$ cat structure.cif   # mmCIF, C-alpha atoms
data_start
loop_
_atom_site.label_atom_id
_atom_site.label_comp_id
_atom_site.auth_asym_id
_atom_site.auth_seq_id
_atom_site.Cartn_x
_atom_site.Cartn_y
_atom_site.Cartn_z
CA MET A 66 3.16 27.08 -27.63
CA PHE A 67 3.03 23.88 -25.62
CA THR A 68 1.73 23.76 -22.07
CA PRO A 69 2.80 20.96 -19.76
CA ASN A 70 -0.13 19.77 -17.68
CA ALA A 71 1.00 16.87 -15.55
CA ILE A 72 0.55 15.27 -12.18
CA TYR A 73 3.26 13.37 -10.37
CA TYR A 74 3.35 10.78 -7.66
CA SER A 75 5.82 8.32 -6.22
CA MET A 76 5.58 4.71 -5.13
CA LEU A 77 7.73 2.54 -2.92
CA GLU A 78 7.77 -1.25 -2.93
CA LEU A 79 9.67 -3.25 -0.33
CA ASN A 80 9.85 -7.02 0.00
CA ASN A 81 12.13 -7.74 2.90
CA GLN A 82 10.91 -8.16 6.45
CA THR A 83 14.10 -6.92 8.10
CA VAL A 84 14.12 -3.67 6.15
CA ILE A 85 10.37 -3.12 6.49
CA LYS A 86 10.67 -3.58 10.24
CA ALA A 87 13.44 -1.00 10.41
CA PHE A 88 11.47 1.36 8.15
CA THR A 89 8.03 1.13 9.74
CA GLY A 90 8.66 -0.36 13.17
CA LEU A 91 6.18 -3.12 12.37
CA PRO A 92 7.77 -6.56 12.88
CA PHE A 93 5.25 -8.73 11.06
CA LEU A 94 5.19 -7.37 7.50
CA SER A 95 6.70 -9.23 4.56
CA SER A 96 5.86 -6.68 1.86
CA LEU A 97 4.93 -3.02 1.73
CA HIS A 98 3.50 -0.85 -1.03
CA LEU A 99 3.20 2.90 -0.50
CA GLU A 100 1.76 5.44 -2.90
CA TYR A 101 2.37 9.08 -2.18
CA PRO A 102 -0.18 11.76 -3.03
CA GLN A 103 -0.49 13.10 -6.53
CA VAL A 104 0.80 16.63 -6.89
CA ALA A 105 1.12 19.06 -9.76
CA ASN A 106 4.48 20.32 -8.55
CA GLU A 107 7.29 18.14 -9.84
CA SER A 108 9.79 19.26 -7.21
CA LEU A 109 7.47 18.26 -4.33
CA VAL A 110 7.18 14.69 -5.49
CA PHE A 111 10.95 14.41 -5.93
CA LYS A 112 11.39 15.78 -2.40
CA ALA A 113 8.95 13.20 -0.94
CA CYS A 114 10.64 10.36 -2.80
CA TYR A 115 14.15 11.39 -1.77
CA GLU A 116 13.05 11.77 1.85
CA MET A 117 11.89 8.17 1.99
CA LEU A 118 15.02 7.00 0.18
CA ASN A 119 17.15 8.84 2.73
CA LYS A 120 15.27 7.09 5.55
CA LEU A 121 15.97 3.78 3.87
CA LYS A 122 19.65 4.58 3.33
CA ASN A 123 20.07 5.01 7.08
CA ILE A 124 19.19 1.34 7.65
CA ASP A 125 22.22 -0.93 8.01
CA GLY A 126 22.87 -2.95 4.85
CA VAL A 127 20.62 -0.83 2.61
CA THR A 128 21.99 0.87 -0.48
CA ILE A 129 20.12 2.76 -3.17
CA LEU A 130 21.01 2.50 -6.85
CA ARG A 131 19.62 5.01 -9.29
CA ASN A 132 18.38 3.27 -12.39
CA ALA A 133 19.92 5.04 -15.33
CA ASN A 134 17.45 3.56 -17.80
CA ALA A 135 14.40 5.42 -16.52
CA VAL A 136 12.36 7.10 -19.21
CA HIS A 137 12.56 10.86 -19.46
CA PHE A 138 10.23 13.40 -20.94
CA THR A 139 10.15 13.81 -24.67
CA PHE A 140 8.45 16.80 -26.20
CA ASP A 141 6.12 16.51 -29.11
CA THR A 142 4.59 19.10 -31.34
CA GLU A 143 1.08 17.67 -31.11
CA ALA A 144 -1.40 17.58 -28.24
CA ILE A 145 -1.05 14.22 -26.55
CA GLU A 146 -2.25 12.48 -23.45
CA MET A 147 0.19 9.88 -22.25
CA GLU A 148 -0.19 6.82 -20.09
CA PRO A 149 1.53 7.02 -16.70
CA PHE A 150 5.23 6.51 -17.10
CA ILE A 151 8.27 6.36 -14.89
CA ILE A 152 10.51 9.40 -14.94
CA GLU A 153 12.88 8.18 -12.25
CA LYS A 154 13.55 4.81 -10.66
CA HIS A 155 15.73 3.75 -7.75
CA ASP A 156 16.53 0.16 -6.83
CA VAL A 157 16.57 -0.65 -3.12
CA MET A 158 19.31 -3.17 -2.24
CA PHE A 159 19.80 -4.98 1.05
CA ASN A 160 23.12 -6.78 1.50
CA ASP A 161 23.59 -6.52 -2.28
CA LYS A 162 20.24 -8.13 -3.04
CA LEU A 163 17.40 -6.32 -4.79
CA ILE A 164 14.48 -6.02 -2.35
CA GLY A 165 12.36 -3.30 -3.93
CA ASN A 166 12.29 -0.01 -5.73
CA ALA A 167 11.07 3.53 -5.60
CA VAL A 168 9.66 5.21 -8.67
CA ILE A 169 8.49 8.68 -9.58
CA VAL A 170 5.63 8.60 -12.03
CA ALA A 171 4.21 11.27 -14.32
CA GLU A 172 0.70 11.02 -15.63
CA GLY A 173 -1.53 12.91 -18.03
CA ILE A 174 1.15 14.89 -19.80
CA ILE A 175 -0.69 17.11 -22.23
CA TYR A 176 0.90 19.56 -24.58
CA GLU A 177 -1.74 21.80 -26.08
CA THR A 178 -1.22 23.68 -29.31
CA HIS A 179 -2.51 27.25 -29.12
CA SER A 180 -3.55 28.54 -32.53
CA THR A 181 -2.44 32.11 -32.01
CA ILE A 182 0.30 32.17 -34.60
CA GLN A 183 -0.61 34.54 -37.44
CA MET B 8 1.97 -27.67 0.23
CA LYS B 9 1.12 -26.00 3.49
CA GLN B 10 -1.91 -24.11 4.73
CA VAL B 11 -0.93 -20.69 6.03
CA TYR B 12 -2.66 -17.50 7.09
CA ILE B 13 -1.75 -13.93 6.22
CA PHE B 14 -3.36 -10.55 6.67
CA LYS B 15 -3.23 -7.54 4.40
CA ILE B 16 -3.35 -3.98 5.68
CA SER B 17 -4.69 -1.21 3.52
CA THR B 18 -5.33 2.48 3.95
CA GLY B 19 -6.36 5.04 1.42
CA MET B 20 -10.09 5.08 1.91
CA ALA B 21 -9.49 8.55 3.32
CA ALA B 22 -6.25 10.46 2.93
CA GLN B 23 -6.94 12.37 6.12
CA ALA B 24 -7.25 9.12 8.00
CA ALA B 25 -3.95 7.80 6.66
CA ARG B 26 -2.30 10.95 7.96
CA SER B 27 -3.74 10.32 11.41
CA LEU B 28 -1.82 7.08 11.79
CA GLU B 29 1.35 7.67 13.70
CA VAL B 30 3.22 4.80 12.14
CA LEU B 31 2.46 6.17 8.69
CA GLN B 32 3.28 9.72 9.68
CA GLU B 33 6.78 8.58 10.47
CA ILE B 34 7.25 7.32 6.96
CA GLY B 35 5.91 10.33 5.18
CA TYR B 36 2.15 10.66 4.71
CA PRO B 37 1.41 8.19 1.96
CA MET B 38 -1.98 8.45 0.28
CA ASN B 39 -2.32 4.70 -0.03
CA ALA B 40 -0.52 1.94 1.79
CA VAL B 41 -0.88 -1.77 1.30
CA ALA B 42 1.15 -4.21 3.35
CA THR B 43 1.17 -7.99 3.58
CA SER B 44 1.97 -9.77 6.82
CA GLN B 45 4.30 -12.67 7.28
CA GLU B 46 2.80 -16.15 7.03
CA TYR B 47 1.25 -17.74 10.11
CA ASN B 48 0.65 -21.42 10.76
CA THR B 49 -2.57 -20.83 12.68
CA SER B 50 -5.42 -18.41 12.14
CA ASP B 51 -5.33 -17.54 15.85
CA ASP B 52 -1.76 -16.21 15.66
CA CYS B 53 -2.58 -14.33 12.47
CA VAL B 54 -5.71 -12.71 13.89
CA LYS B 55 -3.91 -11.88 17.14
CA ASP B 56 -1.20 -9.85 15.39
CA CYS B 57 -3.77 -8.24 13.13
CA VAL B 58 -6.02 -7.18 16.03
CA ASN B 59 -3.00 -5.90 17.96
CA PHE B 60 -2.05 -3.78 14.96
CA ILE B 61 -5.53 -2.28 14.64
CA ASN B 62 -5.76 -1.72 18.40
CA LEU B 63 -2.41 0.10 18.26
CA GLN B 64 -3.71 2.38 15.53
CA ASN B 65 -6.84 3.08 17.56
CA THR B 66 -4.85 4.13 20.59
CA GLN B 67 -2.97 6.62 18.40
CA MET B 68 -6.19 8.12 17.08
CA SER B 69 -9.15 9.49 18.97
CA SER B 70 -11.23 7.47 21.40
CA ASN B 71 -13.98 7.37 18.77
CA PHE B 72 -12.13 4.61 16.94
CA LYS B 73 -13.11 1.05 17.72
CA THR B 74 -11.82 -2.26 16.43
CA ILE B 75 -14.39 -4.15 14.40
CA VAL B 76 -14.04 -7.84 13.56
CA GLU B 77 -16.23 -9.38 10.87
CA ALA B 78 -16.24 -13.00 9.72
CA ASN B 79 -16.95 -13.90 6.10
CA PRO B 80 -20.70 -14.63 6.21
CA PHE B 81 -20.42 -17.08 3.34
CA LEU B 82 -17.95 -19.23 5.28
CA ALA B 83 -19.78 -18.94 8.58
CA GLY B 84 -23.22 -19.68 7.16
CA ALA B 85 -24.62 -16.33 8.26
CA TYR B 86 -25.74 -15.65 4.71
CA LEU B 87 -28.57 -18.17 5.21
CA ASP B 88 -30.45 -15.57 7.27
CA MET B 89 -29.82 -12.70 4.83
CA THR B 90 -32.11 -11.08 2.33
CA GLU B 91 -31.15 -11.12 -1.36
CA ASN B 92 -30.07 -7.49 -1.14
CA GLU B 93 -27.82 -8.22 1.83
CA ILE B 94 -26.30 -11.22 0.06
CA SER B 95 -25.49 -9.21 -3.07
CA TYR B 96 -23.98 -6.46 -0.90
CA HIS B 97 -21.74 -8.91 0.90
CA LYS B 98 -20.73 -10.68 -2.31
CA GLU B 99 -19.17 -7.38 -3.37
CA ARG B 100 -17.29 -7.07 -0.10
CA TRP B 101 -15.81 -10.52 0.36
CA LEU B 102 -13.32 -12.59 -1.59
CA ASP B 103 -13.54 -16.38 -1.46
CA GLU B 104 -10.23 -16.74 0.39
CA GLU B 105 -10.96 -13.90 2.81
CA ILE B 106 -11.98 -15.25 6.18
CA MET B 107 -12.10 -12.10 8.29
CA LYS B 108 -12.10 -8.30 8.13
CA ILE B 109 -10.56 -6.40 11.05
CA TYR B 110 -10.62 -2.64 10.92
CA SER B 111 -10.80 0.66 12.74
CA PHE B 112 -14.13 2.33 12.67
CA ALA B 113 -15.08 5.81 13.78
CA TYR B 114 -18.49 7.29 14.09
CA ASN B 115 -18.48 10.72 12.54
CA GLY B 116 -22.05 11.88 12.88
CA VAL B 117 -24.00 9.24 11.01
CA VAL B 118 -21.19 8.09 8.71
CA GLY B 119 -18.50 5.66 9.79
CA VAL B 120 -15.04 6.15 8.34
CA PRO B 121 -12.69 3.14 8.31
CA PRO B 122 -9.20 4.67 8.02
CA VAL B 123 -7.25 1.45 8.11
CA SER B 124 -8.46 -2.06 7.48
CA CYS B 125 -7.12 -5.59 7.43
CA SER B 126 -8.30 -8.73 5.73
CA VAL B 127 -7.26 -12.17 6.92
CA PHE B 128 -6.74 -14.78 4.22
CA LYS B 129 -6.25 -18.52 4.25
CA THR B 130 -3.76 -19.43 1.58
CA ILE B 131 -1.34 -22.12 0.44
CA ALA B 132 2.44 -21.91 0.67
CA PRO B 133 4.39 -24.42 -1.45
CA ASP B 134 7.04 -26.46 0.35
CA GLY B 135 10.48 -24.91 0.22
CA PHE B 136 9.12 -21.54 -0.85
CA ILE B 137 11.76 -18.90 -0.28
CA ILE B 138 10.42 -16.19 2.02
CA ASP B 139 13.34 -13.96 2.73
CA GLY B 140 16.89 -14.63 1.67
CA ASN B 141 17.87 -17.98 3.10
CA GLU B 142 14.70 -18.65 5.12
CA THR B 143 12.45 -21.43 3.82
CA VAL B 144 9.13 -22.97 4.75
CA ASN B 145 9.55 -26.60 5.78
#
$ encode --input "structure.cif" --output "structure tokens"
Amino acid sequence: MFTPNAIYYSMLELNNQTVIKAFTGLPFLSSLHLEYPQVANESLVFKACYEMLNKLKNIDGVTILRNANAVHFTFDTEAIEMEPFIIEKHDVMFNDKLIGNAVIVAEGIIYETHSTIQ
Amino acid sequence: MKQVYIFKISTGMAAQAARSLEVLQEIGYPMNAVATSQEYNTSDDCVKDCVNFINLQNTQMSSNFKTIVEANPFLAGAYLDMTENEISYHKERWLDEEIMKIYSFAYNGVVGVPPVSCSVFKTIAPDGFIIDGNETVN
């Protein structure tokens, strides 16, 4: 039996003053890095990430592209502890130019083998 | 090459504090936020925007929050009057290019909690450096 034991968090990077101003209301920022709290519930971190992407999508000129190459979980038969890795990535475009991204990260994925099999 | 000034905003020293900032509430309760300002030609303009930002945060929190401005003691010469312990403490706190710290500070019993802080830096921008799309530094 393998037990997933993971924490998740999301990060947003933006590097365009116009979009950051529309997003935060602050007119003087050229870059922004946000890290959202670590949670054990995968669905909560997806919800938080999609909420901020939806706020961004409402800004004129902004489009979001889901990166199809993001790494997904792979299961292993041995107990492992993995480095943080991206399970979903979205590119933030402004007037067709890449200005940042949002990622959902998983960390500390441990699959423990329980020796109960007779 | 051109001398410019920027300030960096950071939160995350206390998650509760980050949640108390209205501007951050609107964008979804991040645990940590780091933002870099635009480039300023003069330190006065840079500090002015930075102080205004911290003052704005203070007005959105309780009246216990005050704006604190600290100058780098190693640039100002204040370190000459410090003990060795004070000097080693401040060496941990200050980067060479950091000229000022501006932050909110609240007295909570005997412990102060800085929920949001800014550091002002003097830096170099190369000529023609692209800032944002078709804008350039002349």
$ resolve_selection --input "structure.cif" --expression "the PyMOL selection byres ((chain A) within 12 of (chain B))" --output "MDAnalysis selection string"
chainID A and resid 74:104 110 112:121 159:164
$ atom_distance --input "structure.cif" --atom1 "CA of Glu107 in chain A" --atom2 "CA of Asn166 in chain A"
19.3 Å
$ atom_distance --input "structure.cif" --atom1 "CA of Asp52 in chain B" --atom2 "CA of Val127 in chain B"
11.1 Å
$ residues_near_point --input "structure.cif" --point "(17.9, 4.7, -8.2)" --cutoff "8 Å" --atoms "only C-alpha atoms" --output "list in words"
Ile129, Leu130, Arg131, Asn132, Ala133, Glu153, Lys154, His155, Asp156, Val157, Asn166 and Ala167 of chain A
$ atom_distance --input "structure.cif" --atom1 "CA of Leu102 in chain B" --atom2 "CA of Pro80 in chain B"
10.9 Å
$ residues_near_point --input "structure.cif" --point "(-1.9, -26.4, 3.7)" --cutoff "7 Å" --atoms "all atoms listed in the file" --output "VMD selection string"
chain B and resid 8 to 11 131 to 132
$ resolve_selection --input "structure.cif" --expression "the PyMOL selection byres ((chain B and resi 128) around 7)" --output "number ranges by chain"
B: 12-14, 104-106, 126-127, 129-130
